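**Student:** Okay, so here is my_file32.tsv, and as you'll see once you scroll down, it has TSV, C-alpha atoms and all ligand atoms.
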chain	number	residue	atom	x	y	z
A	1	MET	CA	-3.72	18.19	7.11
A	2	THR	CA	-6.41	16.30	8.95
A	3	LEU	CA	-4.37	13.30	10.07
A	4	GLN	CA	-1.19	12.71	12.01
A	5	ILE	CA	0.51	9.56	10.75
A	6	GLU	CA	3.24	7.65	12.58
A	7	ILE	CA	5.22	4.81	11.00
A	8	VAL	CA	5.81	1.80	13.27
A	9	PRO	CA	8.30	-0.71	11.80
A	10	ILE	CA	7.62	-4.29	12.89
A	11	LEU	CA	8.88	-7.81	12.08
A	12	SER	CA	11.58	-7.80	9.40
A	13	ASP	CA	10.19	-5.29	6.94
A	14	ASN	CA	6.51	-4.56	7.74
A	15	TYR	CA	5.11	-1.13	8.48
A	16	VAL	CA	2.16	-0.51	10.77
A	17	TYR	CA	0.61	2.96	10.64
A	18	LEU	CA	-0.78	4.83	13.61
A	19	VAL	CA	-3.23	7.43	12.38
A	20	ARG	CA	-4.76	10.18	14.51
A	21	ASP	CA	-7.58	12.43	13.35
A	22	GLN	CA	-6.62	15.80	14.76
A	23	ALA	CA	-10.19	17.13	15.01
A	24	SER	CA	-11.68	14.25	16.98
A	25	GLY	CA	-8.58	12.74	18.58
A	26	ARG	CA	-9.56	9.32	17.27
A	27	VAL	CA	-6.68	6.91	16.65
A	28	ALA	CA	-6.50	3.95	14.30
A	29	CYS	CA	-3.74	1.45	13.70
A	30	ILE	CA	-3.48	-0.18	10.31
A	31	ASP	CA	-2.37	-3.81	9.78
A	32	PRO	CA	-0.87	-4.51	13.22
A	33	GLY	CA	1.08	-7.68	12.57
A	34	GLU	CA	2.42	-7.40	16.11
A	35	ALA	CA	0.89	-5.78	19.18
A	36	ALA	CA	3.73	-4.74	21.49
A	37	PRO	CA	5.55	-2.21	19.29
A	38	VAL	CA	2.25	-0.67	18.20
A	39	LEU	CA	0.94	-0.31	21.77
A	40	ALA	CA	4.29	1.13	22.86
A	41	ALA	CA	4.35	3.67	20.02
A	42	ALA	CA	0.78	4.78	20.78
A	43	GLU	CA	1.55	5.06	24.49
A	44	GLU	CA	4.60	7.17	23.79
A	45	LYS	CA	2.46	9.60	21.79
A	46	GLY	CA	-0.33	9.55	24.37
A	47	TRP	CA	-2.70	8.23	21.70
A	48	GLU	CA	-5.59	5.87	22.54
A	49	ILE	CA	-6.22	3.36	19.75
A	50	ASP	CA	-9.97	3.00	19.15
A	51	THR	CA	-9.94	1.47	15.66
A	52	ILE	CA	-8.00	-1.30	13.96
A	53	LEU	CA	-8.06	-1.25	10.16
A	54	ILE	CA	-7.06	-4.38	8.23
A	55	THR	CA	-6.26	-4.72	4.51
A	56	HIS	CA	-6.02	-8.52	4.23
A	57	HIS	CA	-5.79	-11.73	6.21
A	58	HIS	CA	-2.04	-12.46	6.16
A	59	GLY	CA	-0.48	-13.05	9.58
A	60	ASP	CA	2.09	-10.27	9.24
A	61	HIS	CA	-0.88	-7.84	9.01
A	62	VAL	CA	-3.26	-9.27	11.64
A	63	GLY	CA	-0.99	-10.99	14.20
A	64	GLY	CA	-1.42	-8.23	16.81
A	65	VAL	CA	-5.16	-7.67	16.40
A	66	ALA	CA	-6.41	-9.83	19.28
A	67	THR	CA	-4.02	-8.33	21.83
A	68	ILE	CA	-4.64	-4.72	20.80
A	69	LYS	CA	-8.40	-5.26	20.68
A	70	ALA	CA	-8.35	-6.81	24.16
A	71	ALA	CA	-6.13	-4.05	25.58
A	72	LYS	CA	-7.96	-1.09	24.03
A	73	GLY	CA	-11.46	-2.31	23.23
A	74	ALA	CA	-10.81	-1.15	19.68
A	75	THR	CA	-13.21	-1.82	16.80
A	76	VAL	CA	-11.77	-4.06	14.10
A	77	ILE	CA	-12.71	-3.04	10.55
A	78	GLY	CA	-11.59	-5.10	7.58
A	79	PRO	CA	-12.52	-7.21	4.57
A	80	GLY	CA	-15.11	-9.77	5.65
A	81	GLY	CA	-14.93	-11.05	2.10
A	82	ASP	CA	-11.28	-12.11	2.20
A	83	SER	CA	-10.44	-15.80	1.68
A	84	GLN	CA	-9.71	-16.28	5.40
A	85	PRO	CA	-11.41	-14.64	8.36
A	86	ILE	CA	-9.93	-11.50	9.91
A	87	PRO	CA	-9.46	-12.18	13.65
A	88	GLY	CA	-11.84	-10.23	15.88
A	89	LEU	CA	-13.59	-8.58	12.94
A	90	ASP	CA	-16.39	-6.23	14.14
A	91	GLN	CA	-17.24	-4.41	10.93
A	92	SER	CA	-16.94	-5.96	7.51
A	93	VAL	CA	-16.28	-3.54	4.67
A	94	ALA	CA	-15.92	-3.98	0.94
A	95	ASP	CA	-15.05	-2.03	-2.17
A	96	GLY	CA	-17.11	1.15	-2.42
A	97	ASP	CA	-17.74	1.49	1.32
A	98	VAL	CA	-16.72	4.59	3.22
A	99	VAL	CA	-15.48	4.43	6.83
A	100	ASP	CA	-16.08	7.58	8.87
A	101	PHE	CA	-13.09	8.37	11.05
A	102	GLY	CA	-13.50	11.67	12.87
A	103	ASP	CA	-13.30	14.43	10.26
A	104	GLU	CA	-11.70	12.06	7.77
A	105	ARG	CA	-13.46	9.64	5.47
A	106	LEU	CA	-11.74	6.49	4.34
A	107	ALA	CA	-12.85	5.15	0.99
A	108	VAL	CA	-12.45	1.39	0.64
A	109	ILE	CA	-10.89	0.35	-2.68
A	110	GLY	CA	-10.64	-3.36	-3.46
A	111	VAL	CA	-7.42	-4.54	-5.10
A	112	TYR	CA	-7.67	-8.30	-5.53
A	113	GLY	CA	-5.07	-10.93	-6.27
A	114	HIS	CA	-2.52	-10.75	-3.45
A	115	THR	CA	-5.41	-12.15	-1.44
A	116	ALA	CA	-8.87	-12.72	-2.87
A	117	GLY	CA	-10.47	-9.91	-0.86
A	118	HIS	CA	-7.60	-7.45	-0.28
A	119	ILE	CA	-8.74	-3.86	0.34
A	120	THR	CA	-6.99	-0.51	0.63
A	121	PHE	CA	-8.08	2.65	2.48
A	122	HIS	CA	-7.97	6.05	0.80
A	123	ALA	CA	-8.08	9.00	3.23
A	124	ARG	CA	-9.55	11.53	0.85
A	125	HIS	CA	-9.03	14.80	2.75
A	126	GLU	CA	-5.51	13.89	3.78
A	127	GLY	CA	-4.61	12.51	0.35
A	128	ALA	CA	-3.15	9.37	1.90
A	129	LEU	CA	-3.54	5.81	0.64
A	130	PHE	CA	-3.02	2.88	3.01
A	131	ALA	CA	-2.16	0.25	0.46
A	132	GLY	CA	-1.35	-2.89	2.48
A	133	ASP	CA	0.29	-5.40	0.16
A	134	ALA	CA	-1.50	-4.20	-2.98
A	135	LEU	CA	0.87	-1.40	-4.00
A	136	PHE	CA	4.46	-0.87	-2.91
A	137	SER	CA	6.89	1.82	-3.91
A	138	ILE	CA	8.06	0.67	-7.37
A	139	GLY	CA	6.24	-2.62	-6.84
A	140	CYS	CA	2.95	-4.40	-6.24
A	141	GLY	CA	1.85	-7.42	-4.25
A	142	ARG	CA	2.52	-10.95	-5.36
A	143	LEU	CA	-0.42	-12.81	-6.87
A	144	PHE	CA	-1.07	-15.44	-4.22
A	145	GLU	CA	-4.84	-15.68	-4.61
A	146	GLY	CA	-5.64	-14.32	-8.03
A	147	THR	CA	-4.48	-13.53	-11.54
A	148	ALA	CA	-3.09	-10.49	-13.27
A	149	ALA	CA	-6.60	-9.94	-14.64
A	150	ASP	CA	-7.93	-9.85	-11.09
A	151	MET	CA	-5.36	-7.34	-9.88
A	152	TRP	CA	-4.92	-4.93	-12.75
A	153	PRO	CA	-8.34	-3.19	-12.49
A	154	GLY	CA	-7.75	-2.41	-8.81
A	155	LEU	CA	-4.21	-1.19	-9.35
A	156	ARG	CA	-5.45	0.96	-12.18
A	157	ARG	CA	-7.89	2.65	-9.81
A	158	LEU	CA	-5.07	3.36	-7.37
A	159	ARG	CA	-3.04	4.77	-10.26
A	160	ASP	CA	-5.88	7.13	-11.08
A	161	LEU	CA	-5.90	8.73	-7.62
A	162	PRO	CA	-4.48	12.28	-7.50
A	163	ASP	CA	-0.73	12.73	-8.07
A	164	GLU	CA	-0.23	14.31	-4.66
A	165	THR	CA	-1.46	11.12	-2.91
A	166	ARG	CA	1.02	9.74	-0.41
A	167	VAL	CA	1.19	5.95	-0.46
A	168	TYR	CA	1.71	4.15	2.85
A	169	CYS	CA	2.78	0.62	1.92
A	170	GLY	CA	2.70	-2.54	4.03
A	171	HIS	CA	6.39	-3.34	3.55
A	172	GLU	CA	9.79	-1.76	2.98
A	173	TYR	CA	10.51	-3.50	-0.31
A	174	THR	CA	11.60	-0.42	-2.23
A	175	ALA	CA	15.30	-1.19	-2.73
A	176	SER	CA	14.71	-4.62	-4.26
A	177	ASN	CA	11.80	-3.26	-6.29
A	178	VAL	CA	14.06	-0.53	-7.68
A	179	ALA	CA	16.66	-3.13	-8.69
A	180	PHE	CA	14.05	-5.02	-10.69
A	181	ALA	CA	12.58	-1.85	-12.22
A	182	LEU	CA	16.03	-0.74	-13.42
A	183	SER	CA	16.44	-4.13	-15.12
A	184	ILE	CA	13.43	-3.46	-17.37
A	185	ASP	CA	13.41	0.35	-17.46
A	186	GLY	CA	17.06	1.30	-17.16
A	187	GLN	CA	16.82	4.38	-19.38
A	188	ASN	CA	14.24	6.05	-17.13
A	189	ALA	CA	16.05	9.08	-15.71
A	190	GLU	CA	13.51	9.66	-12.96
A	191	LEU	CA	13.83	6.03	-11.89
A	192	GLN	CA	17.62	6.38	-11.81
A	193	ARG	CA	17.31	9.48	-9.65
A	194	TYR	CA	14.89	7.73	-7.30
A	195	ALA	CA	17.26	4.73	-7.08
A	196	GLY	CA	19.93	7.07	-5.72
A	197	LEU	CA	17.56	8.54	-3.16
A	198	VAL	CA	16.39	5.09	-2.02
A	199	ALA	CA	19.98	3.87	-1.63
A	200	MET	CA	20.78	6.90	0.51
A	201	LEU	CA	17.66	6.59	2.69
A	202	ARG	CA	18.13	2.86	3.22
A	203	SER	CA	21.82	3.19	4.07
A	204	GLU	CA	20.67	5.38	6.94
A	205	GLY	CA	17.79	3.07	7.88
A	206	VAL	CA	15.20	5.68	6.91
A	207	PRO	CA	11.83	4.42	5.54
A	208	THR	CA	11.10	5.14	1.87
A	209	VAL	CA	7.42	5.51	2.71
A	210	PRO	CA	5.23	7.32	2.10
A	211	ALA	CA	5.78	7.13	-1.64
A	212	ASN	CA	4.49	9.93	-3.87
A	213	LEU	CA	1.88	8.56	-6.26
A	214	GLY	CA	2.65	11.12	-8.98
A	215	LEU	CA	6.23	9.89	-9.15
A	216	GLU	CA	5.15	6.23	-8.89
A	217	LYS	CA	2.99	6.72	-12.00
A	218	LYS	CA	6.18	7.54	-13.91
A	219	ILE	CA	8.61	4.99	-12.46
A	220	ASN	CA	6.67	2.06	-10.94
A	221	PRO	CA	6.53	-0.48	-13.81
A	222	PHE	CA	3.36	-2.08	-12.42
A	223	LEU	CA	1.45	1.19	-12.73
A	224	ARG	CA	2.63	1.62	-16.33
A	225	ALA	CA	0.99	-1.39	-17.98
A	226	GLU	CA	-0.98	1.03	-20.18
A	227	ASP	CA	1.98	3.24	-21.05
A	228	PRO	CA	2.41	2.80	-24.84
A	229	ASP	CA	6.09	3.74	-24.91
A	230	PHE	CA	6.96	1.38	-22.08
A	231	ALA	CA	4.85	-1.38	-23.65
A	232	GLN	CA	6.59	-0.91	-26.98
A	233	ILE	CA	10.05	-1.43	-25.46
A	234	HIS	CA	8.92	-4.86	-24.28
A	235	GLY	CA	6.99	-5.88	-27.37
A	236	PHE	CA	3.54	-5.27	-25.88
A	237	LYS	CA	2.45	-2.41	-28.10
A	238	ASP	CA	-1.26	-2.74	-28.96
A	239	ARG	CA	-1.60	-5.66	-26.55
A	240	ASP	CA	-4.00	-5.77	-23.62
A	241	ALA	CA	-2.66	-3.98	-20.52
A	242	VAL	CA	-3.41	-7.11	-18.48
A	243	ASP	CA	-0.97	-9.11	-20.63
A	244	PHE	CA	1.80	-6.57	-20.13
A	245	PHE	CA	1.05	-6.37	-16.40
A	246	ALA	CA	1.23	-10.18	-16.18
A	247	PHE	CA	4.57	-10.10	-18.02
A	248	ILE	CA	6.01	-7.55	-15.59
A	249	ARG	CA	4.67	-9.45	-12.56
A	250	ALA	CA	6.17	-12.74	-13.83
A	251	GLY	CA	9.48	-10.97	-14.43
A	252	LYS	CA	9.59	-9.72	-10.87
A	253	ASP	CA	8.66	-13.14	-9.48
A	254	ALA	CA	11.64	-14.64	-11.30
A	255	PHE	CA	14.05	-11.76	-10.58
B	1	ZN	ZN	0.36	-10.00	2.49
B	2	FE	FE	2.57	-8.56	4.07
Step by step, read the file and then write its structure as structure tokens.
Ligand code: ZN
Ligand code: FE
**Tutor:**
Amino acid sequence: MTLQIEIVPILSDNYVYLVRDQASGRVACIDPGEAAPVLAAAEEKGWEIDTILITHHHGDHVGGVATIKAAKGATVIGPGGDSQPIPGLDQSVADGDVVDFGDERLAVIGVYGHTAGHITFHARHEGALFAGDALFSIGCGRLFEGTAADMWPGLRRLRDLPDETRVYCGHEYTASNVAFALSIDGQNAELQRYAGLVAMLRSEGVPTVPANLGLEKKINPFLRAEDPDFAQIHGFKDRDAVDFFAFIRAGKDAF
């Protein structure tokens, strides 16, 4: 393992991640929608935040940037190409870029549609994906600034990352996502098993993140838009994956 990763719950259901590269001692926080809990968590660990990574412009992901930047002199790295400016942005990155972070390298993968320029960060050595609001456990982001055709290619690239990838999502939405997934995939035994685990974890207030990407590939309906058996159940056999993805997304929006 190259990184130490701490989960900092903020607001009603957001997660901020504090990430420390063990070799260099560098510390990043990802999507700090609030400053105080993030600064307190870092202080408690004795970690000095030098980098702020941002996936997209929404307030619940950037609300704490100005305060943390002022307090720590941290460098703000995020999508300069999003539809709204990222506060305090120092370094604009886009799909295909790589951010050096101590011994770790973070590959930037664009997943568009939740916002027009949403990005995710894939820590390759660690096998961790910081997904923002693009991919959730058993879910994906709502299409606020794009179409299913915009989002599917990016989600597909996340799906194609290695099975052992751990997915650090921007929100704790898993329980409601599981309820929807069961409504369209109720015969899926692995989904049923996961539903039981999620219910147990949430009853104890334990985060369901990080999610395991290998399992998500089998039980997250949004990652299965190309699965012929799943498509057949819903009448989308031989149809474009984008159409089936759009159908699933619309179903969740109305659930
Ligand atoms: Zn968002
Ligand atoms: Fe969000």
**Student:** Considering all atoms listed in the file, return as a VMD selection string whatever protein or nucleic-acid residues lie within 12 Å of Ala70 in chain A, sequence-local ones (same chain, fewer than 2 positions apart) excluded.
**Tutor:** chain A and resid 35 39 49 to 52 64 to 68 72 to 76 87 to 88
**Student:** Give me the residues of chain A that have any atom at most 8 Å from an atom of ligand FE 2 (chain B); for each, the nearest atom pair and the distance in Å, rounded to one decimal. Use only C-alpha atoms and all ligand atoms, sort by chain and number, and format it as a tab-separated table.
**Tutor:**
residue	atom	partner	partner_atom	distance
A:Asn14	CA	B:FE2	FE	6.7
A:His58	CA	B:FE2	FE	6.4
A:Gly59	CA	B:FE2	FE	7.7
A:Asp60	CA	B:FE2	FE	5.5
A:His61	CA	B:FE2	FE	6.1
A:Gly132	CA	B:FE2	FE	7.1
A:Asp133	CA	B:FE2	FE	5.5
A:Gly170	CA	B:FE2	FE	6.0
A:His171	CA	B:FE2	FE	6.5
**Student:** Go ahead and save the residues from that selection, with C-alpha atoms, as a PDB file, keeping the file's coordinate frame.
**Tutor:**
ATOM      1  CA  ASN A  14       6.510  -4.560   7.740  1.00  0.00           C
ATOM      2  CA  HIS A  58      -2.040 -12.460   6.160  1.00  0.00           C
ATOM      3  CA  GLY A  59      -0.480 -13.050   9.580  1.00  0.00           C
ATOM      4  CA  ASP A  60       2.090 -10.270   9.240  1.00  0.00           C
ATOM      5  CA  HIS A  61      -0.880  -7.840   9.010  1.00  0.00           C
ATOM      6  CA  GLY A 132      -1.350  -2.890   2.480  1.00  0.00           C
ATOM      7  CA  ASP A 133       0.290  -5.400   0.160  1.00  0.00           C
ATOM      8  CA  GLY A 170       2.700  -2.540   4.030  1.00  0.00           C
ATOM      9  CA  HIS A 171       6.390  -3.340   3.550  1.00  0.00           C
TER      10      HIS A 171
END
**Student:** Tell me which of A:Pro228, A:Gly113, A:Gly46, A:Pro221 sits closest to ligand ZN 1 (chain B), counting only C-alpha atoms and all ligand atoms.
**Tutor:**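 Closest to ligand ZN 1 (chain B) of all the choices is A:Gly113.
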**Student:** Could you jot down the CA of Asp31 in chain A to CA of Gly196 in chain A separation for me, Å, one decimal place?
**Tutor:**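 These two atoms are separated by 29.3 Å.
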**Student:** 12 Å from ligand ZN 1 (chain B) is the threshold here; counting all atoms listed in the file, which polymer residues fall inside it? Answer as a PyMOL selection string.
**Tutor:** chain A and resi 13-15+31+33+54-63+82+112-119+131-136+140-145+169-171
**Student:** Counting all atoms listed in the file, what are the residues of range 109-204 of chain A within 7 Å of range 231-253 of chain A, and for each of them which pair of atoms is the nearest and at what distance in Å, to one decimal? Sort the table by chain and rising number, as a tab-separated table.
**Tutor:**
residue	atom	partner	partner_atom	distance
A:Ala148	CA	A:Ala246	CA	5.2
A:Ala149	CA	A:Val242	CA	5.7
A:Trp152	CA	A:Val242	CA	6.3
A:Phe180	CA	A:Lys252	CA	6.5
**Student:** Would you kindly return, as a list of chain:residue names, each protein, DNA or RNA residue with an atom no farther than 12 Å from any atom of Val178 in chain A, considering all atoms listed in the file and excluding same-chain residues fewer than 6 positions away?
**Tutor:** A:Phe136, A:Ser137, A:Ile138, A:Gly139, A:Cys140, A:Glu172, A:Ile184, A:Asp185, A:Gly186, A:Asn188, A:Glu190, A:Leu191, A:Gln192, A:Arg193, A:Tyr194, A:Ala195, A:Gly196, A:Leu197, A:Val198, A:Ala199, A:Thr208, A:Glu216, A:Ile219, A:Asn220, A:Pro221, A:Phe222, A:Lys252, A:Phe255
**Student:** Between CA of Trp47 in chain A and CA of Pro9 in chain A, measure the distance and give it in Å to one decimal.
**Tutor:**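 Result for CA of Trp47 in chain A versus CA of Pro9 in chain A: 17.3 Å, one decimal.
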**Student:** How many Å lie between CA of Leu223 in chain A and CA of Ala107 in chain A, rounded to one decimal?
**Tutor:**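 Computing the Euclidean distance for CA of Leu223 in chain A and CA of Ala107 in chain A yields 20.2 Å.
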**Student:** Out of A:Thr120, A:Thr2, A:Gln84, A:Ser176, which residue has the shortest atom-to-atom distance to Leu155 in chain A when counting all atoms listed in the file?
**Tutor:** A:Thr120
